[in-house]
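Worksheet: the structure to be examined is printed underneath.
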Amino acid sequence: MTYRTHTLRRILTCAAAAALLCTSLAGCSGDSSSSSESGINVNMEDLEYGATMRDDTSRAVPLEYDKRFLEDGELDALANYYGSIQNEDVELFQSCTVSEYMESLYKNAYGDLLDDSAYVSQQKKSYEDQMGGAFTFSQIMVNGCLKQDETGSNAEYLTGMLDELNGDSNYCAEHMESCKTLTVQPVITNGTDTTYCDEVTVFIIELDNKYYVCA
């Protein structure tokens with residue numbers, strides 16, 4: 001297995017977090033004031049993304065993520081998106097994607113030559129080509145997560161696009177409850193070999209109390 005730069009970075013982050021927590025606990029064991037005297041006070045919510053990663057095999061495909069940053073509905077949408085590609089399940093794909101967004105993608109990127117069924121098949125084939133045959137997702141690694149108002153999220157690109165597609169400059173302001181930008185790395189396997197695919201940017205949005213993927 002080849003560990004990429006982001007994987008090493010996550011390992012070092014987790015190691016540093018563990019060291020801080022151990023130091024904090026050691027300081028508290030004798031005297032409750034020792035932690036403040038030493039200047040160490042670690043709160044889980046203050047740790048960067050990746051400090052508390054977990055493996056989750058309870059959804060459509062296995063996921064790895066930092067639970068502090070993602071809701072169950074967001075994780076279900078992400079897993080269903082990749083599960084729909086793995087199983088060529090067009091109905092599941094449609095349930096977790098935004099039709100206006102996908103229609104715009106087909107028009108501008110594929111010259112209106114694709115629909116949902118053809119797109120799902122094309123995406124599956126692209127993973128088969130990387131694997132050299134049949135595959136399953138052994139894991140979808142969520143290596144980063146930015147909220148809508150964080151620098152680098154590029155959420156304004158998506159919200160502007162959705163406003164335009166719906167012909168309403170206030171569409172997202174009135175219908176979108178949240179938008180998160182994920183850095184995702186699919187990992188595929190044929191049961192013997194494993195391939196770490198390139199990282200991609202995936203938006204998870206909440207529209208009218210339902211979560212969707214825009215990828």
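Simple scheme: letters A, B, ... for chains in structure tokens order, numbers from 1 for residues in each chain, numbers from 1 for ligands in the order shown.
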
Proximity of region 119-193 of chain A to region 71-84 of chain A: per-residue shortest pair, 9 Å limit, only C-alpha atoms, as CSV:
```
residue,atom,partner,partner_atom,distance
A:Val120,CA,A:Ser84,CA,7.5
A:Phe137,CA,A:Tyr82,CA,7.9
A:Ile140,CA,A:Ala79,CA,7.9
A:Pro186,CA,A:Tyr82,CA,8.7
```

For those residues, write N, CA and C atoms to a file as a CSV table (one decimal), in the first residue's frame.
```csv
chain,number,residue,atom,x,y,z
A,120,VAL,N,-24.3,7.5,-15.0
A,120,VAL,CA,-24.0,6.5,-13.9
A,120,VAL,C,-23.1,5.4,-14.5
A,137,PHE,N,-16.2,-0.2,-4.0
A,137,PHE,CA,-15.6,0.8,-3.2
A,137,PHE,C,-15.3,0.2,-1.9
A,140,ILE,N,-14.7,5.2,1.0
A,140,ILE,CA,-14.7,6.6,0.5
A,140,ILE,C,-14.1,7.5,1.6
A,186,PRO,N,-11.9,8.3,-3.4
A,186,PRO,CA,-12.5,7.0,-3.5
A,186,PRO,C,-11.3,5.9,-3.5
```

Please tabulate, as JSON lines, the residues of region 56-122 of chain A that come within 10 Å of region 43-51 of chain A, each with its closest pair of atoms and the distance in Å to one decimal, counting only C-alpha atoms and ordering rows by chain, then residue number upward.
```
{"residue": "A:Glu64", "atom": "CA", "partner": "A:Gly50", "partner_atom": "CA", "distance": 9.8}
{"residue": "A:Tyr65", "atom": "CA", "partner": "A:Gly50", "partner_atom": "CA", "distance": 7.3}
{"residue": "A:Asp66", "atom": "CA", "partner": "A:Gly50", "partner_atom": "CA", "distance": 5.7}
{"residue": "A:Lys67", "atom": "CA", "partner": "A:Tyr49", "partner_atom": "CA", "distance": 9.3}
{"residue": "A:Arg68", "atom": "CA", "partner": "A:Glu45", "partner_atom": "CA", "distance": 7.4}
{"residue": "A:Phe69", "atom": "CA", "partner": "A:Tyr49", "partner_atom": "CA", "distance": 7.4}
```

Same residues, C-alpha atoms, saved as a PDB file, in the first residue's frame:
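What landed in part_5.pdb:
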```pdb
ATOM      1  CA  GLU A  64     -13.866   7.277   6.562  1.00  0.00           C
ATOM      2  CA  TYR A  65     -14.531  10.734   8.017  1.00  0.00           C
ATOM      3  CA  ASP A  66     -14.337  13.019  11.036  1.00  0.00           C
ATOM      4  CA  LYS A  67     -17.788  12.771  12.642  1.00  0.00           C
ATOM      5  CA  ARG A  68     -17.467  16.145  14.369  1.00  0.00           C
ATOM      6  CA  PHE A  69     -17.856  17.884  11.003  1.00  0.00           C
TER       7      PHE A  69
END
```

Go through region 115-185 of chain A and collect every residue that DSSP, computed from the backbone, puts in helix (DSSP H, G or I); the answer should be as an MDAnalysis selection string.
chainID A and resid 116:131 155:165 171:175

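The smallest atom-to-atom distance between Arg59 (chain A) and any of A:Val213, A:Gln139, A:Val184, A:Asn108, using only C-alpha atoms, is found for A:Gln139.
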
Residues of region 100-183 of chain A classed as strand (DSSP E) by DSSP on the backbone are to be reported as a PDB file with N, CA, C and O atoms, in the first residue's frame.
```
ATOM      1  N   THR A 136     -15.351  -2.777  -6.364  1.00  0.00           N
ATOM      2  CA  THR A 136     -16.252  -2.228  -5.357  1.00  0.00           C
ATOM      3  C   THR A 136     -15.496  -1.114  -4.641  1.00  0.00           C
ATOM      4  O   THR A 136     -14.258  -1.084  -4.654  1.00  0.00           O
ATOM      5  N   PHE A 137     -16.233  -0.196  -4.035  1.00  0.00           N
ATOM      6  CA  PHE A 137     -15.595   0.828  -3.212  1.00  0.00           C
ATOM      7  C   PHE A 137     -15.255   0.209  -1.862  1.00  0.00           C
ATOM      8  O   PHE A 137     -16.149  -0.151  -1.096  1.00  0.00           O
ATOM      9  N   SER A 138     -13.977   0.086  -1.587  1.00  0.00           N
ATOM     10  CA  SER A 138     -13.580  -0.428  -0.275  1.00  0.00           C
ATOM     11  C   SER A 138     -13.660   0.671   0.772  1.00  0.00           C
ATOM     12  O   SER A 138     -13.799   0.397   1.966  1.00  0.00           O
ATOM     13  N   GLN A 139     -13.600   1.920   0.311  1.00  0.00           N
ATOM     14  CA  GLN A 139     -13.742   3.051   1.221  1.00  0.00           C
ATOM     15  C   GLN A 139     -13.854   4.349   0.429  1.00  0.00           C
ATOM     16  O   GLN A 139     -13.255   4.499  -0.637  1.00  0.00           O
ATOM     17  N   ILE A 140     -14.662   5.249   0.959  1.00  0.00           N
ATOM     18  CA  ILE A 140     -14.690   6.621   0.467  1.00  0.00           C
ATOM     19  C   ILE A 140     -14.096   7.472   1.577  1.00  0.00           C
ATOM     20  O   ILE A 140     -14.692   7.629   2.643  1.00  0.00           O
ATOM     21  N   MET A 141     -12.908   7.986   1.337  1.00  0.00           N
ATOM     22  CA  MET A 141     -12.187   8.745   2.359  1.00  0.00           C
ATOM     23  C   MET A 141     -12.519  10.232   2.232  1.00  0.00           C
ATOM     24  O   MET A 141     -12.297  10.835   1.183  1.00  0.00           O
ATOM     25  N   VAL A 142     -13.069  10.799   3.284  1.00  0.00           N
ATOM     26  CA  VAL A 142     -13.359  12.235   3.316  1.00  0.00           C
ATOM     27  C   VAL A 142     -12.162  12.909   3.984  1.00  0.00           C
ATOM     28  O   VAL A 142     -12.046  12.923   5.214  1.00  0.00           O
ATOM     29  N   ASN A 143     -11.264  13.446   3.169  1.00  0.00           N
ATOM     30  CA  ASN A 143      -9.998  13.971   3.674  1.00  0.00           C
ATOM     31  C   ASN A 143     -10.061  15.429   4.104  1.00  0.00           C
ATOM     32  O   ASN A 143      -9.112  15.930   4.717  1.00  0.00           O
ATOM     33  N   GLY A 144     -11.151  16.100   3.786  1.00  0.00           N
ATOM     34  CA  GLY A 144     -11.288  17.496   4.183  1.00  0.00           C
ATOM     35  C   GLY A 144     -12.736  17.927   4.146  1.00  0.00           C
ATOM     36  O   GLY A 144     -13.545  17.360   3.406  1.00  0.00           O
ATOM     37  N   CYS A 145     -13.067  18.922   4.964  1.00  0.00           N
ATOM     38  CA  CYS A 145     -14.448  19.427   5.013  1.00  0.00           C
ATOM     39  C   CYS A 145     -14.417  20.908   5.371  1.00  0.00           C
ATOM     40  O   CYS A 145     -13.846  21.297   6.394  1.00  0.00           O
ATOM     41  N   LEU A 146     -15.025  21.729   4.503  1.00  0.00           N
ATOM     42  CA  LEU A 146     -15.112  23.165   4.739  1.00  0.00           C
ATOM     43  C   LEU A 146     -16.573  23.590   4.753  1.00  0.00           C
ATOM     44  O   LEU A 146     -17.356  23.177   3.898  1.00  0.00           O
ATOM     45  N   LYS A 147     -16.934  24.412   5.725  1.00  0.00           N
ATOM     46  CA  LYS A 147     -18.277  24.970   5.757  1.00  0.00           C
ATOM     47  C   LYS A 147     -18.402  26.094   4.739  1.00  0.00           C
ATOM     48  O   LYS A 147     -17.411  26.609   4.239  1.00  0.00           O
ATOM     49  N   MET A 176     -31.667  26.798   0.721  1.00  0.00           N
ATOM     50  CA  MET A 176     -30.480  26.065   1.136  1.00  0.00           C
ATOM     51  C   MET A 176     -30.159  26.333   2.600  1.00  0.00           C
ATOM     52  O   MET A 176     -29.919  27.473   2.997  1.00  0.00           O
ATOM     53  N   GLU A 177     -30.150  25.269   3.394  1.00  0.00           N
ATOM     54  CA  GLU A 177     -29.829  25.407   4.807  1.00  0.00           C
ATOM     55  C   GLU A 177     -28.334  25.302   5.079  1.00  0.00           C
ATOM     56  O   GLU A 177     -27.834  25.889   6.036  1.00  0.00           O
ATOM     57  N   SER A 178     -27.608  24.542   4.260  1.00  0.00           N
ATOM     58  CA  SER A 178     -26.169  24.392   4.478  1.00  0.00           C
ATOM     59  C   SER A 178     -25.496  23.927   3.199  1.00  0.00           C
ATOM     60  O   SER A 178     -26.134  23.369   2.309  1.00  0.00           O
ATOM     61  N   CYS A 179     -24.195  24.188   3.135  1.00  0.00           N
ATOM     62  CA  CYS A 179     -23.376  23.737   2.006  1.00  0.00           C
ATOM     63  C   CYS A 179     -21.979  23.455   2.536  1.00  0.00           C
ATOM     64  O   CYS A 179     -21.357  24.334   3.145  1.00  0.00           O
ATOM     65  N   LYS A 180     -21.497  22.237   2.339  1.00  0.00           N
ATOM     66  CA  LYS A 180     -20.156  21.869   2.780  1.00  0.00           C
ATOM     67  C   LYS A 180     -19.357  21.368   1.577  1.00  0.00           C
ATOM     68  O   LYS A 180     -19.903  20.694   0.700  1.00  0.00           O
ATOM     69  N   THR A 181     -18.093  21.722   1.573  1.00  0.00           N
ATOM     70  CA  THR A 181     -17.195  21.315   0.493  1.00  0.00           C
ATOM     71  C   THR A 181     -16.272  20.228   1.011  1.00  0.00           C
ATOM     72  O   THR A 181     -15.476  20.467   1.927  1.00  0.00           O
ATOM     73  N   LEU A 182     -16.376  19.046   0.434  1.00  0.00           N
ATOM     74  CA  LEU A 182     -15.591  17.904   0.887  1.00  0.00           C
ATOM     75  C   LEU A 182     -14.469  17.598  -0.104  1.00  0.00           C
ATOM     76  O   LEU A 182     -14.654  17.724  -1.315  1.00  0.00           O
ATOM     77  N   THR A 183     -13.344  17.206   0.430  1.00  0.00           N
ATOM     78  CA  THR A 183     -12.269  16.628  -0.374  1.00  0.00           C
ATOM     79  C   THR A 183     -12.365  15.115  -0.198  1.00  0.00           C
ATOM     80  O   THR A 183     -12.197  14.609   0.912  1.00  0.00           O
TER      81      THR A 183
END
```

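Using only C-alpha atoms, the nearest neighbour of Glu100 (chain A) within the list A:Asn154, A:Thr57, A:Gln130, A:Asn166 is A:Asn166.
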
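The spacing separating CA of Lys210 (chain A) from CA of Cys96 (chain A) amounts to 8.8 Å.
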
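For the set A:Gly133, A:Gly152, A:Pro62, A:Gly160, the residue with the smallest atom-to-atom gap to Tyr101 (chain A) is A:Gly160, counting only C-alpha atoms.
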
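Note that the spacing between CA of Val42 (chain A) and CA of Gln148 (chain A) amounts to 25.5 Å.
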
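Interatomic distance, CA of Tyr119 (chain A) against CA of Cys197 (chain A): 18.5 Å.
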
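Nearest residue to Glu91 (chain A) among A:Ser117, A:Thr151, A:Ser58, A:Ser104 is A:Ser117, counting only C-alpha atoms.
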
Restricting the calculation to only C-alpha atoms, which member of A:Glu88, A:Asp193, A:Glu174, A:Glu199 is positioned closest to Ala118 (chain A)?
A:Glu88
